[in-house]
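Step one of this worksheet: look at the structure below.
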Amino acid sequence: MPDLTEKKTSGDIPAQRTADAPAPKQEKARSLGSDAWHDLRRKPIFVISALLILLLVVIAIAPGLFTSVDPRAGDLRNHYLTKPNYGSFFQADWFGYDLQGRSIYARVIYGARASVVVGICVTAGVTILGGITGMLAGYFGGWIDTIISRVTDIFFGIPLLLGALVILNAFTERTIWSVVFALVALGWTQMTRVMRGSVITVKQADFVTAAKALGAGTTRILFKHILPNAIAPVIVVATIALGGYIATEATLSFLGIGLQDPTISWGIDINSAQKVIRTAPFALFFPAGMLSLTVLAFIMLGDAVRDALDPKLR
Amino acid sequence: MTTVIENNQKNDRLEVGTPLLEVKDLHVEFHTRDGIAKAVNGVNYSVAAGETLAVLGESGSGKSVTAQTIMGILDMPPGKVTQGQILFRGQDMLTMGNEERRKIRGQKIAMIFQDALSALNPVLSVGYQLGEMFRVHQGASKKEAKEKAIELMDRVRIPAARQRVNDYPHQFSGGMRQRIMIAMALSLQPDLIIADEPTTALDVTVQAQVMDLLAELQAEYNMGLILITHDLGVVADVADKIAVMYAGRIVETAPVHELYANPAHPYTKGLLRSIPRLDQKGQELYAIKGLPPNLLKVPAGCAFNPRCDVATDLCRTEIPALHHVTDKDGKELTGRRSACHLWKETLHG
Amino acid sequence: MGRFVARRLLQMIPVFLGTTALIFFMVHLLPGDPLAALWGDKAPDPVQLAALKHQQGLDQPLLQQYLSYMGNLLTGDFGTSLDGRPVLDKITDALPVTVRLALFAFAIEIVVGIAIGLFSGLRRGKLFDKGTLVLTLLLIAIPVPVLGFVVQTVFGQNLKWVTPTVQDSNDITQLVLPAVVLGSLSLAYVARLTRTSIAENIKADYVRTAVAKGLPRRKVIGTHLLRNSMIPVVTYLGTDLGNLMAGAIVTEGIFNVQGVGHALYQAINMKEGATVSGFVAFLVLVYLAAGLIVDLLYAVLDPRIRYA
């Protein structure tokens, strides 16, 4: 931070010319990426949320590691809304039993898969689709930009949850993939806008002009010069949006238009538990708590990544 | 056209030459992630009514930080005044209460900023922004304030002021915007104006017009002017005396023409040599070698020594004091000082 | 300003056409058959289905169907629900309650959100600011259904400050709890956005100018800083109306508020596809109109947009 004492001062006197060259802290200069990583590792919020997410992903991949109980096996006669036994760690009755006599602990564990898969797949889908369209619109401009931008405007006219209601309404049998489809179909334009804006900014940078002047081809310019420099805002928005997609899936499932039995989803369990919220609040508490924790982990991660990648906000 | 001026005519206007502002041994630091940056290290200067002091220096020399400290608009934190006094008409502004200080800002000391486009509020009309001075400091009504704004715009020669008073900053050209900044600074006829690079953001042709306007109004109202710049060309025409700053210290002060004719510090010498001149066409242009110092790691001794052609071992160990300068016969030159161990050699050699 | 309004209205036409077309195709091109739902879980009778299709014009070419759909939308016909009532009737019945709830929530998020954001932006890094960051993060992370139930349980059942569910949807005092829940997510975003915007703008040159002019602190903040900082917040508020409408479905369902969201929630549970689409089409139109209003407000705030 050599220039902290002065606002913009362009060089008018020649001595200034030399003075305006990149300032003396060069030995410490790092790329934005490694600088961000350097910052992130030191942030407790990042470390905590990253560990949480890692745990969630492991649970989603191998729920069997955490419980040997079948989450779909109900024992109405013996276990209808049995209260939790907080002492029996990792056992079937740890979090109690639900309306159908199923182990809430097992369902909470198995429910992670739906949330994590929906979250990651939707984010990947919108980032790829939005990233490509945004890059095309931003780089080529002209009629390509006009068309993509108008289509984006149209999609922005439909709030995510409302549109998802209509799309999912059309599926009689809804799986994780129909939810992913609905959210990607409606959500990609958000990334298009972010990518387009970012590419337009980068496109005007001198190093792109320089690459062009040196005769680099379009593909090379796009992938070697523009993409690496334009991707940061997209990563930030995508990480934060991931938590939002998980919350949207749970909300849809809660409303009864998202996932269906036999898929296990925290949203479905929250919905069925609401009927007994007075007598058995634990049936709602655990899936709701896990859901909140998951969304929180992704949003915290997004926050930390944004702070690291957006030096302006430091 | 001159009613604004007449209405505001103050009986306490000072005679030419009466000291207005004295900065005494000012130290300012910035606390950053990477350490403490000493931006201003014991600066002294003074301005009298009707006088123009040019403060010259590169980025990071501390010239703007000093000005911001005088104005009371330094961001604190990270900035911090650790030592010194700023006397305005004999009163130390650094020990004043906030409210007292606020009343001096805009009324007694006004500032003109470098980039008028960002210094003017983009979402308020220029008329509102000019009128605000009268509404806040003099309790003028909305209507009066607007009339005064129009007069001011006329005064700084903005064409069709009455039609344009409700326009927004982005609708004016760069030169016109800077005139509005000047009008704003002059609105309450302050005793002192601080102009921080007032013409840097402008085209060369417009620069001269704006400087002329500023100089003309200064003379008319007998104001003190501190002109902060890195442009030696701007200084020559308007300034009475110059203070050259480097790495938070004043390295040379002199009446303007003496400094141009005969600099007493190698840094000033270097700056002067690096001005392109018509009679040197075809020759390589001189440039001071190296870069200005990192304020977190200012070199030991004279801060300029790594870039200096004549530096000795003394320069690398001992910080030079701001010496009084004498001519060849040993007679003291009034107003001339140099912070160089080798000032004699530089001045007379 | 007039030209800006005109241009903005013209720009809305393609968006309106595109959005409605999108909804139409989502309803008609996706695999499900809205009429088949009439038979519930049983297999539909093919003869009756064909007759119904003919009666509702569903056997006509898609383009013709689209044109008549557009004609219907423009004349305020949002379809008929399974009980034979026009969807518009159901909407107009429920609309006043929802408008009241949404405006209440909107007011809460604007007033409280901006106030909190302003304070933490001005005291960046201090205790209040850190507290705001943590609390808003929690609000953002807790999905609306969860928050709804928590608030309902704590304030309705345990503390008994209010009735857990709304008994009379026309009684504004009973709407306090649902409005707080509905507005909370956006409140968190508004607070964070205001905070960032204030913290960024406070370093702006024009704020420095305002201080240098000798303006009192409240004028520097109120006139110069706040107004500029509101520009991104207003942009957010435009898109936020969509969140509010979607959130109303959940909130009204939980608190039994007899509004549009509740009716839509019921239609979803009854698997009334046509009613759902009709409701959504209506809400999207409201959303577009609200977006237009916000854009105009945006232009009032920022002259650079007006004269661009």
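Identifiers in this document derive from the order of the structure tokens: chains are assigned A, B, ..., residues are numbered from 1 separately in each chain, and ligands are numbered from 1 in order of occurrence.
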Exercise for the section: For chain B, report every residue with an atom at most 9 Å from chain A (counting only C-alpha atoms), formatted as a PyMOL selection string. Expected result: chain B and resi 30+32+34+37+39+58-65+114-115+197+200-201+230-233+270-271+274-276+285-296
Practice task
With a distance cut-off of 7 Å and only C-alpha atoms, select the neighbouring residues of Pro19 of chain B, excluding the residue or stretch itself and same-chain residues fewer than 6 positions from it, and output the selection as a list in words.
Solution key: Val47, Ala48, Ala49 and Arg89 of chain B
Any chance you can output those residues with C-alpha atoms as a PDB file, in the first residue's frame?
ATOM      1  CA  VAL B  47       0.514  31.389   4.620  1.00  0.00           C
ATOM      2  CA  ALA B  48      -0.426  35.032   4.919  1.00  0.00           C
ATOM      3  CA  ALA B  49      -3.482  36.850   3.608  1.00  0.00           C
ATOM      4  CA  ARG B  89      -5.288  33.179  13.033  1.00  0.00           C
TER       5      ARG B  89
END
Practice task
Run DSSP on the backbone of this structure and report the residues of segment 111-168 of chain B it assigns to helix (DSSP H, G or I), as a ChimeraX atom specification.
Solution key: /B:116-119,126-138,142-155,161-164
File of the preceding selection, N, CA and C atoms, as an mmCIF file, in the first residue's frame:
data_model
loop_
_atom_site.group_PDB
_atom_site.id
_atom_site.type_symbol
_atom_site.label_atom_id
_atom_site.label_comp_id
_atom_site.auth_asym_id
_atom_site.auth_seq_id
_atom_site.Cartn_x
_atom_site.Cartn_y
_atom_site.Cartn_z
ATOM 1 N N ALA B 116 -13.380 17.213 -9.846
ATOM 2 C CA ALA B 116 -14.676 17.780 -9.494
ATOM 3 C C ALA B 116 -15.812 16.799 -9.740
ATOM 4 N N LEU B 117 -15.633 15.901 -10.699
ATOM 5 C CA LEU B 117 -16.718 14.964 -10.995
ATOM 6 C C LEU B 117 -17.006 14.081 -9.785
ATOM 7 N N SER B 118 -15.967 13.619 -9.118
ATOM 8 C CA SER B 118 -16.238 12.777 -7.957
ATOM 9 C C SER B 118 -16.394 13.597 -6.688
ATOM 10 N N ALA B 119 -15.889 14.829 -6.704
ATOM 11 C CA ALA B 119 -15.992 15.644 -5.490
ATOM 12 C C ALA B 119 -17.360 16.299 -5.363
ATOM 13 N N VAL B 126 -26.297 21.119 -9.033
ATOM 14 C CA VAL B 126 -25.202 22.003 -8.625
ATOM 15 C C VAL B 126 -25.759 23.190 -7.851
ATOM 16 N N GLY B 127 -26.957 23.610 -8.224
ATOM 17 C CA GLY B 127 -27.587 24.726 -7.522
ATOM 18 C C GLY B 127 -27.799 24.388 -6.057
ATOM 19 N N TYR B 128 -28.252 23.180 -5.815
ATOM 20 C CA TYR B 128 -28.477 22.759 -4.432
ATOM 21 C C TYR B 128 -27.155 22.737 -3.682
ATOM 22 N N GLN B 129 -26.129 22.176 -4.343
ATOM 23 C CA GLN B 129 -24.851 22.019 -3.656
ATOM 24 C C GLN B 129 -24.182 23.355 -3.361
ATOM 25 N N LEU B 130 -24.385 24.323 -4.282
ATOM 26 C CA LEU B 130 -23.839 25.651 -4.022
ATOM 27 C C LEU B 130 -24.665 26.350 -2.945
ATOM 28 N N GLY B 131 -25.977 26.259 -3.084
ATOM 29 C CA GLY B 131 -26.873 26.940 -2.154
ATOM 30 C C GLY B 131 -26.759 26.424 -0.735
ATOM 31 N N GLU B 132 -26.356 25.176 -0.621
ATOM 32 C CA GLU B 132 -26.238 24.548 0.692
ATOM 33 C C GLU B 132 -25.313 25.356 1.617
ATOM 34 N N MET B 133 -24.270 25.958 1.028
ATOM 35 C CA MET B 133 -23.340 26.748 1.828
ATOM 36 C C MET B 133 -24.084 27.872 2.553
ATOM 37 N N PHE B 134 -24.968 28.545 1.806
ATOM 38 C CA PHE B 134 -25.678 29.693 2.397
ATOM 39 C C PHE B 134 -26.752 29.221 3.363
ATOM 40 N N ARG B 135 -27.354 28.078 3.039
ATOM 41 C CA ARG B 135 -28.423 27.588 3.909
ATOM 42 C C ARG B 135 -27.869 27.114 5.241
ATOM 43 N N VAL B 136 -26.753 26.431 5.186
ATOM 44 C CA VAL B 136 -26.202 25.882 6.428
ATOM 45 C C VAL B 136 -25.507 26.953 7.259
ATOM 46 N N HIS B 137 -24.674 27.762 6.606
ATOM 47 C CA HIS B 137 -23.863 28.700 7.385
ATOM 48 C C HIS B 137 -24.568 30.018 7.648
ATOM 49 N N GLN B 138 -25.522 30.397 6.783
ATOM 50 C CA GLN B 138 -26.143 31.707 6.961
ATOM 51 C C GLN B 138 -27.647 31.617 7.142
ATOM 52 N N LYS B 142 -34.502 28.575 0.910
ATOM 53 C CA LYS B 142 -34.249 27.826 -0.312
ATOM 54 C C LYS B 142 -34.118 28.757 -1.513
ATOM 55 N N LYS B 143 -35.037 29.748 -1.553
ATOM 56 C CA LYS B 143 -35.089 30.643 -2.705
ATOM 57 C C LYS B 143 -33.854 31.546 -2.750
ATOM 58 N N GLU B 144 -33.528 32.117 -1.592
ATOM 59 C CA GLU B 144 -32.332 32.972 -1.526
ATOM 60 C C GLU B 144 -31.100 32.181 -1.934
ATOM 61 N N ALA B 145 -31.021 30.976 -1.408
ATOM 62 C CA ALA B 145 -29.857 30.141 -1.672
ATOM 63 C C ALA B 145 -29.699 29.911 -3.171
ATOM 64 N N LYS B 146 -30.816 29.684 -3.837
ATOM 65 C CA LYS B 146 -30.752 29.422 -5.270
ATOM 66 C C LYS B 146 -30.282 30.668 -6.018
ATOM 67 N N GLU B 147 -30.829 31.839 -5.619
ATOM 68 C CA GLU B 147 -30.405 33.085 -6.256
ATOM 69 C C GLU B 147 -28.904 33.280 -6.092
ATOM 70 N N LYS B 148 -28.438 33.008 -4.891
ATOM 71 C CA LYS B 148 -27.002 33.177 -4.633
ATOM 72 C C LYS B 148 -26.179 32.175 -5.431
ATOM 73 N N ALA B 149 -26.721 30.994 -5.589
ATOM 74 C CA ALA B 149 -26.027 29.992 -6.390
ATOM 75 C C ALA B 149 -25.880 30.478 -7.824
ATOM 76 N N ILE B 150 -26.945 31.095 -8.337
ATOM 77 C CA ILE B 150 -26.886 31.600 -9.714
ATOM 78 C C ILE B 150 -25.842 32.711 -9.820
ATOM 79 N N GLU B 151 -25.843 33.628 -8.826
ATOM 80 C CA GLU B 151 -24.834 34.696 -8.838
ATOM 81 C C GLU B 151 -23.423 34.125 -8.847
ATOM 82 N N LEU B 152 -23.223 33.116 -8.005
ATOM 83 C CA LEU B 152 -21.896 32.505 -7.924
ATOM 84 C C LEU B 152 -21.486 31.885 -9.260
ATOM 85 N N MET B 153 -22.439 31.202 -9.890
ATOM 86 C CA MET B 153 -22.132 30.564 -11.166
ATOM 87 C C MET B 153 -21.792 31.623 -12.213
ATOM 88 N N ASP B 154 -22.500 32.758 -12.145
ATOM 89 C CA ASP B 154 -22.161 33.878 -13.025
ATOM 90 C C ASP B 154 -20.751 34.362 -12.749
ATOM 91 N N ARG B 155 -20.455 34.453 -11.463
ATOM 92 C CA ARG B 155 -19.170 34.984 -11.031
ATOM 93 C C ARG B 155 -18.001 34.152 -11.570
ATOM 94 N N ALA B 161 -26.156 30.672 -16.492
ATOM 95 C CA ALA B 161 -26.218 30.133 -15.136
ATOM 96 C C ALA B 161 -27.650 29.874 -14.686
ATOM 97 N N ARG B 162 -28.550 30.813 -14.999
ATOM 98 C CA ARG B 162 -29.934 30.671 -14.515
ATOM 99 C C ARG B 162 -30.594 29.411 -15.071
ATOM 100 N N GLN B 163 -30.277 29.104 -16.319
ATOM 101 C CA GLN B 163 -30.878 27.899 -16.909
ATOM 102 C C GLN B 163 -30.227 26.617 -16.392
ATOM 103 N N ARG B 164 -28.983 26.743 -15.989
ATOM 104 C CA ARG B 164 -28.247 25.516 -15.671
ATOM 105 C C ARG B 164 -28.184 25.207 -14.186
#
Problem - Residue list for chain C near chain B as number ranges by chain, 12 Å, only C-alpha atoms - result: C: 123-125, 201-220, 223-231, 298-308
Completion exercise
Computed gap from atom CA of Ile182 of chain B to atom CA of Leu259 of chain B is 28.0 Å
Practice task
Can you work out which one of A:Thr123, A:Asn78, A:Asn169, A:Thr263 has the shortest atom-to-atom distance to chain C, counting only C-alpha atoms?
Solution key: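 Comparing A:Thr123, A:Asn78, A:Asn169, A:Thr263 against chain C, the winner is A:Asn169.
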Practice task
Would you list the contacts of segment 255-266 of chain C as an NGL selection string, taking every protein, DNA or RNA residue within 9 Å and counting only C-alpha atoms, but skipping same-chain residues closer than 2 positions in sequence?
Solution key: (:A and (255-256)) or (:C and (90-99 or 101 or 148-149 or 152 or 164-170 or 175 or 177-178 or 245-253 or 268-272 or 275-276 or 279-280))
Write to file, as a short mmCIF file (atom, residue, chain, number, x, y, z; two decimals), in the first residue's frame, the residues of the selection just made, with C-alpha atoms.
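This is the output file part_6.cif:
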data_model
loop_
_atom_site.label_atom_id
_atom_site.label_comp_id
_atom_site.auth_asym_id
_atom_site.auth_seq_id
_atom_site.Cartn_x
_atom_site.Cartn_y
_atom_site.Cartn_z
CA LEU A 255 -44.83 -26.69 0.16
CA GLY A 256 -45.39 -30.19 -1.19
CA LYS C 90 -60.20 -16.12 -5.88
CA ILE C 91 -57.36 -13.69 -6.38
CA THR C 92 -59.44 -10.56 -5.80
CA ASP C 93 -60.95 -12.13 -2.69
CA ALA C 94 -57.56 -12.81 -1.19
CA LEU C 95 -55.60 -9.89 -2.62
CA PRO C 96 -56.36 -7.15 -0.06
CA VAL C 97 -55.06 -9.29 2.79
CA THR C 98 -51.87 -10.15 0.94
CA VAL C 99 -51.27 -6.57 -0.14
CA LEU C 101 -49.28 -8.20 4.66
CA GLY C 148 -41.95 -19.17 10.70
CA PHE C 149 -42.37 -22.14 12.97
CA GLN C 152 -44.82 -19.10 15.95
CA PRO C 164 -50.09 -18.52 17.02
CA THR C 165 -52.23 -18.34 13.90
CA VAL C 166 -54.15 -15.44 12.50
CA GLN C 167 -57.84 -15.60 13.42
CA ASP C 168 -59.01 -12.58 11.46
CA SER C 169 -56.92 -11.71 8.45
CA ASN C 170 -58.40 -8.23 8.33
CA LEU C 175 -50.53 -9.59 10.96
CA LEU C 177 -45.93 -11.79 13.40
CA PRO C 178 -46.41 -13.03 9.83
CA MET C 245 -44.61 -12.89 -3.03
CA ALA C 246 -42.95 -16.27 -2.93
CA GLY C 247 -42.39 -15.92 0.81
CA ALA C 248 -46.06 -15.06 1.25
CA ILE C 249 -46.97 -18.57 0.11
CA VAL C 250 -45.03 -20.09 2.99
CA THR C 251 -45.81 -17.43 5.60
CA GLU C 252 -49.53 -17.31 4.89
CA GLY C 253 -49.62 -21.09 4.98
CA ILE C 268 -50.80 -26.78 -4.72
CA ASN C 269 -51.90 -29.24 -2.07
CA MET C 270 -55.12 -29.98 -3.97
CA LYS C 271 -53.01 -30.45 -7.10
CA GLU C 272 -55.03 -27.86 -9.01
CA THR C 275 -55.25 -22.61 -10.61
CA VAL C 276 -51.56 -22.63 -9.71
CA PHE C 279 -52.08 -17.47 -9.75
CA VAL C 280 -48.47 -17.47 -10.82
#
Exercise for the section: Counting only C-alpha atoms, figure out which residue out of C:Gly291, C:Asp129, C:Ala141, C:Asn158 gets nearest to Met290 of chain A. Expected result: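 Among the listed residues, the smallest separation from Met290 of chain A belongs to C:Ala141.
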Problem - Shell of 9 Å around Leu237 of chain C, only C-alpha atoms, local chain residues under 2 positions omitted, as a ChimeraX atom specification - result: /C:106,110,186,190,232-235,239-241,291,294
Print the selection's residues with C-alpha atoms to a file, as a compact mmCIF listing (two decimals), in the first residue's frame.
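File result-v1.txt, as written:
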# COMPACT_ATOMS: atom_id res chain seq x y z
CA PHE C 106 -41.98 -4.20 3.13
CA ILE C 110 -37.11 -0.89 4.71
CA SER C 186 -35.19 -9.20 3.00
CA VAL C 190 -31.36 -4.66 3.06
CA PRO C 232 -28.21 -0.19 -4.79
CA VAL C 233 -30.73 -0.80 -2.02
CA VAL C 234 -33.57 0.41 -4.20
CA THR C 235 -32.39 -1.86 -7.01
CA THR C 239 -36.22 -7.79 -7.18
CA ASP C 240 -37.16 -8.35 -3.58
CA LEU C 241 -40.88 -7.99 -4.29
CA GLY C 291 -40.47 -3.57 -10.86
CA VAL C 294 -39.11 0.69 -8.42
Handout entry: Top pick for closest residue to chain A, considering C:Ala21, C:Val180, C:Ser81, C:Leu103 and counting only C-alpha atoms
Key =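 Result for the nearest residue to chain A: C:Ala21.
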Please identify every residue of chain C that has at least one atom no farther than 8 Å from an atom of chain A, counting only C-alpha atoms, and for each give the shortest atom pair and the distance in Å to one decimal, arranged by chain then increasing number, as a tab-separated table.
residue	atom	partner	partner_atom	distance
C:Pro14	CA	A:Ile154	CA	8.0
C:Val15	CA	A:Ile154	CA	5.0
C:Phe16	CA	A:Ile154	CA	7.5
C:Gly18	CA	A:Ile154	CA	5.6
C:Thr19	CA	A:Ile154	CA	5.2
C:Ile23	CA	A:Val166	CA	7.5
C:Met26	CA	A:Ile167	CA	5.9
C:Val27	CA	A:Val166	CA	6.7
C:Leu30	CA	A:Ala170	CA	5.9
C:Pro31	CA	A:Ala170	CA	6.1
C:Gly32	CA	A:Ala170	CA	4.2
C:Asp33	CA	A:Ala170	CA	6.8
C:Pro34	CA	A:Ala170	CA	7.3
C:Leu137	CA	A:Leu296	CA	7.3
C:Leu138	CA	A:Leu296	CA	6.9
C:Ile140	CA	A:Leu296	CA	7.7
C:Ala141	CA	A:Leu296	CA	4.6
C:Ile142	CA	A:Ser292	CA	4.7
C:Pro143	CA	A:Ala247	CA	5.7
C:Val144	CA	A:Thr251	CA	7.6
C:Pro145	CA	A:Thr251	CA	6.8
C:Val146	CA	A:Ala288	CA	5.8
C:Phe149	CA	A:Gln274	CA	7.8
C:Thr153	CA	A:Arg278	CA	7.9
C:Thr196	CA	A:Leu313	CA	7.9
C:Glu200	CA	A:Leu313	CA	7.5
C:Gly242	CA	A:Pro159	CA	5.1
C:Asn243	CA	A:Pro159	CA	6.9
C:Ala246	CA	A:Leu161	CA	5.9
C:Val250	CA	A:Leu255	CA	7.2
C:Tyr265	CA	A:Leu255	CA	7.0
C:Ile268	CA	A:Ile257	CA	7.0
C:Asn269	CA	A:Gly256	CA	6.6
C:Lys271	CA	A:Asn169	CA	7.9
C:Gly273	CA	A:Asn169	CA	6.3
C:Val276	CA	A:Val166	CA	7.0
C:Ser277	CA	A:Val166	CA	5.9
C:Val280	CA	A:Leu162	CA	6.2
C:Val284	CA	A:Ile158	CA	6.0
C:Tyr287	CA	A:Gly157	CA	7.2
C:Leu288	CA	A:Gly157	CA	6.2
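Taking only C-alpha atoms, the non-local environment of Met135 of chain A within 9 Å (same-chain residues fewer than 2 positions away omitted) comprises Gly130, Gly131, Ile132, Thr133, Ala137, Gly138, Tyr139, Phe140, Thr192, Met195, Arg196, Gly197, Ser198, Val199, Ile200, Leu222, Ile226 and Leu227 of chain A.
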Filtering to C-alpha atoms, could you give me those residues as a PDB file, in the first residue's frame?
ATOM      1  CA  GLY A 130     -24.906 -18.673 -17.314  1.00  0.00           C
ATOM      2  CA  GLY A 131     -21.139 -18.521 -17.620  1.00  0.00           C
ATOM      3  CA  ILE A 132     -21.158 -19.469 -21.287  1.00  0.00           C
ATOM      4  CA  THR A 133     -24.055 -17.211 -22.254  1.00  0.00           C
ATOM      5  CA  ALA A 137     -22.892 -11.777 -24.646  1.00  0.00           C
ATOM      6  CA  GLY A 138     -20.146  -9.830 -22.953  1.00  0.00           C
ATOM      7  CA  TYR A 139     -17.361 -10.633 -25.387  1.00  0.00           C
ATOM      8  CA  PHE A 140     -19.112 -10.486 -28.733  1.00  0.00           C
ATOM      9  CA  THR A 192     -25.415 -14.659 -17.216  1.00  0.00           C
ATOM     10  CA  MET A 195     -20.553 -13.009 -16.137  1.00  0.00           C
ATOM     11  CA  ARG A 196     -21.569 -10.560 -18.845  1.00  0.00           C
ATOM     12  CA  GLY A 197     -20.809  -7.552 -16.657  1.00  0.00           C
ATOM     13  CA  SER A 198     -17.525  -9.028 -15.558  1.00  0.00           C
ATOM     14  CA  VAL A 199     -16.420  -9.925 -19.104  1.00  0.00           C
ATOM     15  CA  ILE A 200     -17.284  -6.456 -20.379  1.00  0.00           C
ATOM     16  CA  LEU A 222     -11.487 -15.901 -24.185  1.00  0.00           C
ATOM     17  CA  ILE A 226     -10.687 -13.109 -20.164  1.00  0.00           C
ATOM     18  CA  LEU A 227     -12.068 -16.099 -18.285  1.00  0.00           C
TER      19      LEU A 227
END
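Non-sequential neighbours of Pro228 of chain A (distance at most 12 Å, separation of 3 or more positions within a chain, only C-alpha atoms) are Ser31, Leu32, Gly33, Met135, Met195, Ser198, Val199, Val202, Lys203, Val208, Arg220, Ile221, Leu222, Phe223, Lys224, His225, Ile231, Ala232, Pro233, Val234 and Ile235 of chain A.
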Those same residues - C-alpha atoms - I'd like them written as an mmCIF file, in the first residue's frame.
data_model
loop_
_atom_site.group_PDB
_atom_site.id
_atom_site.type_symbol
_atom_site.label_atom_id
_atom_site.label_comp_id
_atom_site.auth_asym_id
_atom_site.auth_seq_id
_atom_site.Cartn_x
_atom_site.Cartn_y
_atom_site.Cartn_z
ATOM 1 C CA SER A 31 -1.805 -12.952 -7.684
ATOM 2 C CA LEU A 32 -5.374 -12.279 -6.641
ATOM 3 C CA GLY A 33 -6.034 -15.988 -6.384
ATOM 4 C CA MET A 135 -19.237 -14.738 -21.804
ATOM 5 C CA MET A 195 -20.553 -13.009 -16.137
ATOM 6 C CA SER A 198 -17.525 -9.028 -15.558
ATOM 7 C CA VAL A 199 -16.420 -9.925 -19.104
ATOM 8 C CA VAL A 202 -12.170 -7.282 -18.396
ATOM 9 C CA LYS A 203 -12.546 -6.986 -22.162
ATOM 10 C CA VAL A 208 -6.676 -7.987 -23.655
ATOM 11 C CA ARG A 220 -7.234 -18.140 -26.713
ATOM 12 C CA ILE A 221 -8.219 -14.643 -25.636
ATOM 13 C CA LEU A 222 -11.487 -15.901 -24.185
ATOM 14 C CA PHE A 223 -10.079 -18.776 -22.183
ATOM 15 C CA LYS A 224 -6.542 -17.643 -21.410
ATOM 16 C CA HIS A 225 -7.069 -13.958 -20.805
ATOM 17 C CA ILE A 231 -14.457 -15.487 -13.059
ATOM 18 C CA ALA A 232 -14.076 -14.062 -9.524
ATOM 19 C CA PRO A 233 -17.487 -12.353 -9.249
ATOM 20 C CA VAL A 234 -19.135 -15.463 -10.690
ATOM 21 C CA ILE A 235 -17.513 -17.663 -8.049
#
Practice task
Report the distance between atom CA of Ile226 of chain B and atom CA of Glu51 of chain B in Å, rounded to one decimal place.
Solution key: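 Here the two named atoms are 8.4 Å from each other.
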Exercise for the section: Apply DSSP to the structure's backbone, then extract all residues of segment 89-245 of chain B labelled strand (DSSP E or B) and return them as number ranges by chain. Expected result: B: 91-92, 105, 109-112, 192-196, 224-229, 241-245
